[in-house]
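> Enclosed is the structure file input_4.cif (mmCIF, N, CA and C atoms).
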data_upload
#
loop_
_atom_site.label_atom_id
_atom_site.label_comp_id
_atom_site.auth_asym_id
_atom_site.auth_seq_id
_atom_site.Cartn_x
_atom_site.Cartn_y
_atom_site.Cartn_z
N MET A 230 -23.26 -55.58 62.88
CA MET A 230 -24.54 -55.33 63.50
C MET A 230 -24.94 -56.52 64.37
N PRO A 231 -25.45 -56.26 65.55
CA PRO A 231 -25.90 -57.35 66.40
C PRO A 231 -27.13 -58.02 65.80
N ALA A 232 -27.27 -59.29 66.09
CA ALA A 232 -28.44 -60.03 65.60
C ALA A 232 -29.70 -59.40 66.17
N GLY A 233 -30.75 -59.36 65.36
CA GLY A 233 -32.02 -58.82 65.81
C GLY A 233 -32.17 -57.33 65.62
N THR A 234 -31.14 -56.67 65.07
CA THR A 234 -31.23 -55.24 64.82
C THR A 234 -32.17 -55.00 63.65
N LEU A 235 -33.14 -54.14 63.85
CA LEU A 235 -34.14 -53.89 62.82
C LEU A 235 -33.56 -53.09 61.66
N TYR A 236 -32.82 -52.03 61.97
CA TYR A 236 -32.28 -51.18 60.91
C TYR A 236 -30.81 -51.51 60.69
N ARG A 237 -30.46 -51.62 59.45
CA ARG A 237 -29.09 -51.99 59.09
C ARG A 237 -28.49 -50.96 58.12
N GLY A 238 -28.81 -49.70 58.34
CA GLY A 238 -28.24 -48.66 57.51
C GLY A 238 -28.90 -48.50 56.16
N ARG A 239 -30.09 -49.00 56.03
CA ARG A 239 -30.79 -48.89 54.75
C ARG A 239 -31.86 -47.80 54.81
N GLU A 240 -32.79 -47.85 53.90
CA GLU A 240 -33.80 -46.79 53.77
C GLU A 240 -34.58 -46.56 55.06
N GLY A 241 -34.96 -47.63 55.72
CA GLY A 241 -35.76 -47.50 56.95
C GLY A 241 -35.04 -46.72 58.02
N MET A 242 -33.75 -46.98 58.19
CA MET A 242 -32.99 -46.26 59.21
C MET A 242 -32.88 -44.78 58.86
N TRP A 243 -32.59 -44.48 57.59
CA TRP A 243 -32.41 -43.09 57.20
C TRP A 243 -33.72 -42.32 57.26
N SER A 244 -34.84 -42.96 56.96
CA SER A 244 -36.13 -42.27 57.11
C SER A 244 -36.42 -42.02 58.59
N TRP A 245 -36.03 -42.95 59.46
CA TRP A 245 -36.20 -42.78 60.90
C TRP A 245 -35.37 -41.58 61.37
N VAL A 246 -34.12 -41.53 60.94
CA VAL A 246 -33.23 -40.42 61.33
C VAL A 246 -33.78 -39.10 60.80
N ALA A 247 -34.17 -39.06 59.53
CA ALA A 247 -34.69 -37.83 58.93
C ALA A 247 -35.97 -37.38 59.63
N HIS A 248 -36.81 -38.33 60.02
CA HIS A 248 -38.05 -37.98 60.71
C HIS A 248 -37.75 -37.33 62.06
N ARG A 249 -36.77 -37.88 62.79
CA ARG A 249 -36.41 -37.30 64.09
C ARG A 249 -35.74 -35.94 63.93
N VAL A 250 -34.84 -35.82 62.96
CA VAL A 250 -34.15 -34.55 62.74
C VAL A 250 -35.14 -33.46 62.33
N THR A 251 -36.03 -33.77 61.40
CA THR A 251 -37.01 -32.76 60.98
C THR A 251 -37.94 -32.39 62.13
N GLY A 252 -38.29 -33.35 62.97
CA GLY A 252 -39.12 -33.06 64.14
C GLY A 252 -38.43 -32.10 65.09
N VAL A 253 -37.14 -32.31 65.34
CA VAL A 253 -36.38 -31.42 66.23
C VAL A 253 -36.25 -30.03 65.60
N LEU A 254 -35.99 -29.96 64.31
CA LEU A 254 -35.88 -28.66 63.64
C LEU A 254 -37.20 -27.89 63.71
N ILE A 255 -38.31 -28.58 63.51
CA ILE A 255 -39.62 -27.94 63.59
C ILE A 255 -39.88 -27.45 65.02
N PHE A 256 -39.52 -28.26 66.01
CA PHE A 256 -39.68 -27.86 67.40
C PHE A 256 -38.90 -26.58 67.69
N PHE A 257 -37.64 -26.53 67.26
CA PHE A 257 -36.82 -25.34 67.52
C PHE A 257 -37.38 -24.11 66.80
N PHE A 258 -37.90 -24.31 65.58
CA PHE A 258 -38.53 -23.18 64.89
C PHE A 258 -39.71 -22.66 65.71
N LEU A 259 -40.56 -23.57 66.18
CA LEU A 259 -41.73 -23.14 66.96
C LEU A 259 -41.31 -22.42 68.24
N PHE A 260 -40.25 -22.91 68.88
CA PHE A 260 -39.73 -22.28 70.09
C PHE A 260 -39.28 -20.84 69.79
N VAL A 261 -38.49 -20.67 68.75
CA VAL A 261 -38.00 -19.33 68.37
C VAL A 261 -39.17 -18.45 67.94
N HIS A 262 -40.12 -19.01 67.25
CA HIS A 262 -41.28 -18.25 66.79
C HIS A 262 -42.08 -17.70 67.98
N VAL A 263 -42.27 -18.52 68.99
CA VAL A 263 -42.99 -18.07 70.19
C VAL A 263 -42.19 -16.95 70.87
N LEU A 264 -40.87 -17.13 70.97
CA LEU A 264 -40.05 -16.10 71.60
C LEU A 264 -40.08 -14.78 70.84
N ASP A 265 -39.92 -14.85 69.51
CA ASP A 265 -39.89 -13.59 68.77
C ASP A 265 -41.26 -12.92 68.73
N THR A 266 -42.31 -13.70 68.75
CA THR A 266 -43.64 -13.11 68.80
C THR A 266 -43.89 -12.44 70.16
N ALA A 267 -43.34 -13.02 71.21
CA ALA A 267 -43.47 -12.43 72.55
C ALA A 267 -42.76 -11.09 72.65
N LEU A 268 -41.79 -10.84 71.78
CA LEU A 268 -41.08 -9.57 71.79
C LEU A 268 -42.00 -8.37 71.57
N VAL A 269 -43.09 -8.58 70.86
CA VAL A 269 -43.99 -7.47 70.56
C VAL A 269 -44.56 -6.87 71.84
N ARG A 270 -44.72 -7.68 72.88
CA ARG A 270 -45.23 -7.17 74.16
C ARG A 270 -44.11 -6.54 75.00
N VAL A 271 -42.90 -7.06 74.87
CA VAL A 271 -41.78 -6.59 75.68
C VAL A 271 -41.17 -5.33 75.08
N SER A 272 -40.87 -5.40 73.78
CA SER A 272 -40.21 -4.27 73.12
C SER A 272 -40.60 -4.24 71.65
N PRO A 273 -41.59 -3.44 71.31
CA PRO A 273 -42.03 -3.37 69.91
C PRO A 273 -40.90 -3.00 68.94
N GLU A 274 -39.94 -2.17 69.39
CA GLU A 274 -38.84 -1.79 68.52
C GLU A 274 -37.95 -3.00 68.20
N THR A 275 -37.67 -3.79 69.21
CA THR A 275 -36.86 -5.00 69.00
C THR A 275 -37.61 -5.98 68.11
N TYR A 276 -38.92 -6.07 68.30
CA TYR A 276 -39.72 -6.93 67.44
C TYR A 276 -39.62 -6.48 65.98
N ASP A 277 -39.72 -5.19 65.75
CA ASP A 277 -39.62 -4.66 64.38
C ASP A 277 -38.24 -4.95 63.78
N GLN A 278 -37.18 -4.84 64.59
CA GLN A 278 -35.83 -5.16 64.11
C GLN A 278 -35.72 -6.64 63.75
N THR A 279 -36.33 -7.48 64.57
CA THR A 279 -36.30 -8.92 64.31
C THR A 279 -37.03 -9.26 63.02
N VAL A 280 -38.19 -8.65 62.83
CA VAL A 280 -38.96 -8.90 61.61
C VAL A 280 -38.18 -8.41 60.39
N ALA A 281 -37.44 -7.32 60.52
CA ALA A 281 -36.61 -6.82 59.41
C ALA A 281 -35.53 -7.85 59.06
N ILE A 282 -34.97 -8.49 60.06
CA ILE A 282 -33.96 -9.53 59.80
C ILE A 282 -34.59 -10.69 59.04
N TYR A 283 -35.84 -10.99 59.34
CA TYR A 283 -36.52 -12.11 58.68
C TYR A 283 -36.74 -11.87 57.19
N LYS A 284 -36.60 -10.65 56.75
CA LYS A 284 -36.81 -10.32 55.34
C LYS A 284 -35.54 -10.45 54.51
N THR A 285 -34.46 -10.97 55.10
CA THR A 285 -33.20 -11.11 54.38
C THR A 285 -33.19 -12.41 53.57
N PRO A 286 -32.39 -12.48 52.50
CA PRO A 286 -32.32 -13.68 51.69
C PRO A 286 -31.88 -14.94 52.46
N ILE A 287 -30.98 -14.79 53.41
CA ILE A 287 -30.52 -15.96 54.18
C ILE A 287 -31.67 -16.57 54.96
N VAL A 288 -32.45 -15.73 55.61
CA VAL A 288 -33.58 -16.23 56.39
C VAL A 288 -34.64 -16.81 55.44
N ASN A 289 -34.78 -16.22 54.27
CA ASN A 289 -35.73 -16.76 53.30
C ASN A 289 -35.32 -18.16 52.85
N LEU A 290 -34.03 -18.40 52.68
CA LEU A 290 -33.55 -19.76 52.38
C LEU A 290 -33.84 -20.71 53.54
N MET A 291 -33.71 -20.19 54.77
CA MET A 291 -34.03 -21.01 55.93
C MET A 291 -35.53 -21.34 55.97
N GLU A 292 -36.37 -20.41 55.50
CA GLU A 292 -37.81 -20.68 55.42
C GLU A 292 -38.08 -21.80 54.42
N TYR A 293 -37.35 -21.80 53.34
CA TYR A 293 -37.50 -22.90 52.36
C TYR A 293 -37.09 -24.23 53.01
N GLY A 294 -36.04 -24.20 53.81
CA GLY A 294 -35.64 -25.39 54.55
C GLY A 294 -36.71 -25.82 55.54
N LEU A 295 -37.38 -24.84 56.16
CA LEU A 295 -38.48 -25.17 57.07
C LEU A 295 -39.62 -25.84 56.32
N VAL A 296 -39.95 -25.32 55.15
CA VAL A 296 -40.98 -25.95 54.32
C VAL A 296 -40.58 -27.39 54.00
N ALA A 297 -39.32 -27.59 53.66
CA ALA A 297 -38.82 -28.93 53.35
C ALA A 297 -38.98 -29.85 54.55
N ALA A 298 -38.61 -29.35 55.73
CA ALA A 298 -38.70 -30.17 56.94
C ALA A 298 -40.15 -30.51 57.28
N VAL A 299 -41.03 -29.53 57.22
CA VAL A 299 -42.44 -29.77 57.56
C VAL A 299 -43.07 -30.75 56.57
N LEU A 300 -42.82 -30.55 55.29
CA LEU A 300 -43.39 -31.45 54.29
C LEU A 300 -42.88 -32.88 54.45
N PHE A 301 -41.57 -33.03 54.63
CA PHE A 301 -41.05 -34.40 54.79
C PHE A 301 -41.60 -35.03 56.06
N HIS A 302 -41.60 -34.28 57.15
CA HIS A 302 -42.07 -34.82 58.42
C HIS A 302 -43.54 -35.25 58.32
N ALA A 303 -44.36 -34.44 57.67
CA ALA A 303 -45.77 -34.77 57.52
C ALA A 303 -45.97 -35.99 56.63
N LEU A 304 -45.33 -36.00 55.48
CA LEU A 304 -45.50 -37.12 54.55
C LEU A 304 -44.94 -38.42 55.13
N ASN A 305 -43.78 -38.34 55.74
CA ASN A 305 -43.20 -39.53 56.35
C ASN A 305 -44.03 -39.99 57.55
N GLY A 306 -44.63 -39.06 58.26
CA GLY A 306 -45.52 -39.42 59.36
C GLY A 306 -46.71 -40.22 58.87
N LEU A 307 -47.27 -39.84 57.73
CA LEU A 307 -48.36 -40.62 57.14
C LEU A 307 -47.88 -42.02 56.75
N ARG A 308 -46.65 -42.10 56.25
CA ARG A 308 -46.08 -43.41 55.91
C ARG A 308 -45.91 -44.25 57.16
N VAL A 309 -45.44 -43.66 58.23
CA VAL A 309 -45.26 -44.40 59.49
C VAL A 309 -46.60 -44.92 59.99
N ILE A 310 -47.63 -44.09 59.90
CA ILE A 310 -48.97 -44.52 60.30
C ILE A 310 -49.41 -45.71 59.45
N ALA A 311 -49.17 -45.63 58.15
CA ALA A 311 -49.55 -46.74 57.26
C ALA A 311 -48.78 -48.01 57.61
N VAL A 312 -47.50 -47.89 57.90
CA VAL A 312 -46.70 -49.06 58.27
C VAL A 312 -47.23 -49.66 59.57
N ASP A 313 -47.59 -48.82 60.52
CA ASP A 313 -48.03 -49.30 61.83
C ASP A 313 -49.44 -49.87 61.82
N PHE A 314 -50.34 -49.29 61.05
CA PHE A 314 -51.75 -49.67 61.16
C PHE A 314 -52.31 -50.43 59.97
N TRP A 315 -51.57 -50.56 58.91
CA TRP A 315 -52.02 -51.33 57.74
C TRP A 315 -51.32 -52.67 57.80
N SER A 316 -52.08 -53.75 57.67
CA SER A 316 -51.49 -55.09 57.83
C SER A 316 -50.38 -55.36 56.81
N LYS A 317 -50.46 -54.76 55.64
CA LYS A 317 -49.43 -54.96 54.62
C LYS A 317 -48.37 -53.85 54.64
N GLY A 318 -48.48 -52.94 55.58
CA GLY A 318 -47.58 -51.80 55.66
C GLY A 318 -46.11 -52.16 55.73
N PRO A 319 -45.72 -53.07 56.64
CA PRO A 319 -44.29 -53.42 56.70
C PRO A 319 -43.75 -53.99 55.40
N ARG A 320 -44.58 -54.71 54.68
CA ARG A 320 -44.14 -55.31 53.42
C ARG A 320 -43.85 -54.24 52.37
N TYR A 321 -44.61 -53.15 52.41
CA TYR A 321 -44.49 -52.11 51.38
C TYR A 321 -43.82 -50.84 51.89
N GLN A 322 -43.15 -50.91 53.06
CA GLN A 322 -42.59 -49.69 53.64
C GLN A 322 -41.55 -49.05 52.75
N LYS A 323 -40.75 -49.83 52.06
CA LYS A 323 -39.71 -49.25 51.19
C LYS A 323 -40.33 -48.53 49.99
N GLN A 324 -41.33 -49.15 49.38
CA GLN A 324 -42.01 -48.50 48.25
C GLN A 324 -42.72 -47.23 48.70
N MET A 325 -43.31 -47.28 49.89
CA MET A 325 -43.98 -46.08 50.41
C MET A 325 -42.97 -44.98 50.68
N LEU A 326 -41.77 -45.34 51.15
CA LEU A 326 -40.75 -44.33 51.39
C LEU A 326 -40.34 -43.65 50.08
N TRP A 327 -40.15 -44.44 49.03
CA TRP A 327 -39.78 -43.84 47.75
C TRP A 327 -40.92 -42.99 47.18
N THR A 328 -42.16 -43.39 47.45
CA THR A 328 -43.31 -42.58 47.04
C THR A 328 -43.33 -41.26 47.80
N VAL A 329 -43.10 -41.33 49.11
CA VAL A 329 -43.02 -40.12 49.93
C VAL A 329 -41.92 -39.21 49.42
N THR A 330 -40.77 -39.78 49.10
CA THR A 330 -39.65 -38.99 48.61
C THR A 330 -40.00 -38.31 47.28
N ALA A 331 -40.66 -39.04 46.40
CA ALA A 331 -41.04 -38.47 45.10
C ALA A 331 -42.07 -37.35 45.27
N VAL A 332 -43.09 -37.59 46.09
CA VAL A 332 -44.11 -36.56 46.33
C VAL A 332 -43.47 -35.34 46.99
N TRP A 333 -42.57 -35.58 47.96
CA TRP A 333 -41.87 -34.48 48.63
C TRP A 333 -41.07 -33.68 47.61
N GLY A 334 -40.37 -34.35 46.72
CA GLY A 334 -39.57 -33.66 45.70
C GLY A 334 -40.43 -32.80 44.78
N VAL A 335 -41.56 -33.33 44.35
CA VAL A 335 -42.47 -32.57 43.48
C VAL A 335 -43.01 -31.35 44.22
N LEU A 336 -43.41 -31.54 45.48
CA LEU A 336 -43.92 -30.42 46.26
C LEU A 336 -42.85 -29.36 46.51
N MET A 337 -41.61 -29.80 46.72
CA MET A 337 -40.52 -28.85 46.95
C MET A 337 -40.21 -28.06 45.69
N ILE A 338 -40.29 -28.70 44.55
CA ILE A 338 -40.12 -27.97 43.29
C ILE A 338 -41.23 -26.94 43.13
N GLY A 339 -42.47 -27.36 43.45
CA GLY A 339 -43.60 -26.43 43.37
C GLY A 339 -43.51 -25.29 44.37
N ALA A 340 -42.87 -25.51 45.51
CA ALA A 340 -42.75 -24.47 46.55
C ALA A 340 -41.59 -23.53 46.29
N PHE A 341 -40.70 -23.88 45.37
CA PHE A 341 -39.48 -23.10 45.17
C PHE A 341 -39.77 -21.63 44.92
N TYR A 342 -40.52 -21.32 43.88
CA TYR A 342 -40.75 -19.91 43.55
C TYR A 342 -41.64 -19.20 44.56
N PRO A 343 -42.77 -19.80 44.96
CA PRO A 343 -43.60 -19.07 45.93
C PRO A 343 -42.87 -18.73 47.24
N VAL A 344 -42.03 -19.61 47.72
CA VAL A 344 -41.32 -19.36 48.98
C VAL A 344 -40.15 -18.41 48.77
N LEU A 345 -39.42 -18.59 47.69
CA LEU A 345 -38.19 -17.82 47.48
C LEU A 345 -38.38 -16.60 46.57
N ARG A 346 -39.60 -16.25 46.27
CA ARG A 346 -39.90 -15.12 45.37
C ARG A 346 -39.19 -13.85 45.82
N HIS A 347 -39.30 -13.51 47.10
CA HIS A 347 -38.69 -12.28 47.61
C HIS A 347 -37.18 -12.28 47.40
N THR A 348 -36.53 -13.39 47.73
CA THR A 348 -35.08 -13.47 47.56
C THR A 348 -34.69 -13.41 46.09
N LEU A 349 -35.42 -14.10 45.24
CA LEU A 349 -35.11 -14.08 43.81
C LEU A 349 -35.24 -12.66 43.25
N HIS A 350 -36.28 -11.94 43.68
CA HIS A 350 -36.46 -10.56 43.21
C HIS A 350 -35.40 -9.65 43.79
N THR A 351 -34.99 -9.90 45.03
CA THR A 351 -33.94 -9.08 45.65
C THR A 351 -32.60 -9.27 44.95
N LEU A 352 -32.27 -10.51 44.67
CA LEU A 352 -30.95 -10.82 44.09
C LEU A 352 -30.89 -10.57 42.58
N PHE A 353 -31.98 -10.87 41.87
CA PHE A 353 -31.94 -10.83 40.41
C PHE A 353 -32.85 -9.77 39.79
N GLY A 354 -33.57 -9.03 40.59
CA GLY A 354 -34.46 -8.00 40.07
C GLY A 354 -35.81 -8.57 39.68
N SER A 355 -36.71 -7.68 39.34
CA SER A 355 -38.08 -8.12 39.03
C SER A 355 -38.16 -8.79 37.71
#
Would you mind writing the file's structure down as structure tokens?

Amino acid sequence: MPAGTLYRGREGMWSWVAHRVTGVLIFFFLFVHVLDTALVRVSPETYDQTVAIYKTPIVNLMEYGLVAAVLFHALNGLRVIAVDFWSKGPRYQKQMLWTVTAVWGVLMIGAFYPVLRHTLHTLFGS
């Protein structure tokens, strides 16, 4: 690593990468969402077919991934704000990252059944 490099492959770098990746994934979801919603004006039948595809277990798993991306991006964004605007933020950035990760994990466990209920009922019955 060159001298003066801020990230050296540790937690800070990986949170930076994850923040950017989740941001791009959320952007692409919003782009597709706008396009598929616009279908209702162009071709209601195609819109209905698209919505039917969204009710499949694979897409439901992707929705869970979207929840994961949005939650991590939001929580990590709050951490970034704290690091940037709190005078002690840089000193505690690693602890805040592990706190964000723990809170994200708890929220993802809590979101498991509500988000995947349809798929669980489809695959395993009521």
> Measure the distance from atom N of Gln324 in chain A to atom N of Ile255 in chain A in Å and round it to one decimal.
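Interatomic distance, atom N of Gln324 in chain A to atom N of Ile255 in chain A: 25.1 Å.
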> Could you tell me which residues the PyMOL selection byres (((chain A and resi 289-297 and name CA) around 9) and name CA) returns for this structure, as a ChimeraX atom specification?
/A:251,254-255,258,283-288,298-302,333,336-337,340-341,344-345,347-348
> How far is it from CA of Phe353 in chain A to atom C of Gly339 in chain A, in Å with one decimal?
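Computed distance, CA of Phe353 in chain A to atom C of Gly339 in chain A, equals 18.9 Å.
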> With 8 Å added on each side, what axis-aligned box encloses every listed atom of range 280-290 of chain A? Give the centre and edge lengths in Å to one decimal, as AutoDock Vina command-line options.

--center_x -34.7 --center_y -13.8 --center_z 57.3 --size_x 24.4 --size_y 29.9 --size_z 27.1
> What is the distance, in Å and to one decimal place, between atom C of Val312 in chain A and CA of Met325 in chain A?
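For atom C of Val312 in chain A relative to CA of Met325 in chain A, the distance reads 10.4 Å.
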> I need the residue set behind the PyMOL selection byres (((chain A and resi 248 and name CA) around 8) and name CA) for this file; please write it as a VMD selection string.
chain A and resid 244 to 247 249 to 252 301 to 302 305 to 306
> Pull the helix (DSSP H, G or I) assignments for chain A out of DSSP run on the backbone, and list those residues as a PyMOL selection string.
chain A and resi 240-271+273-283+286-314+319-353
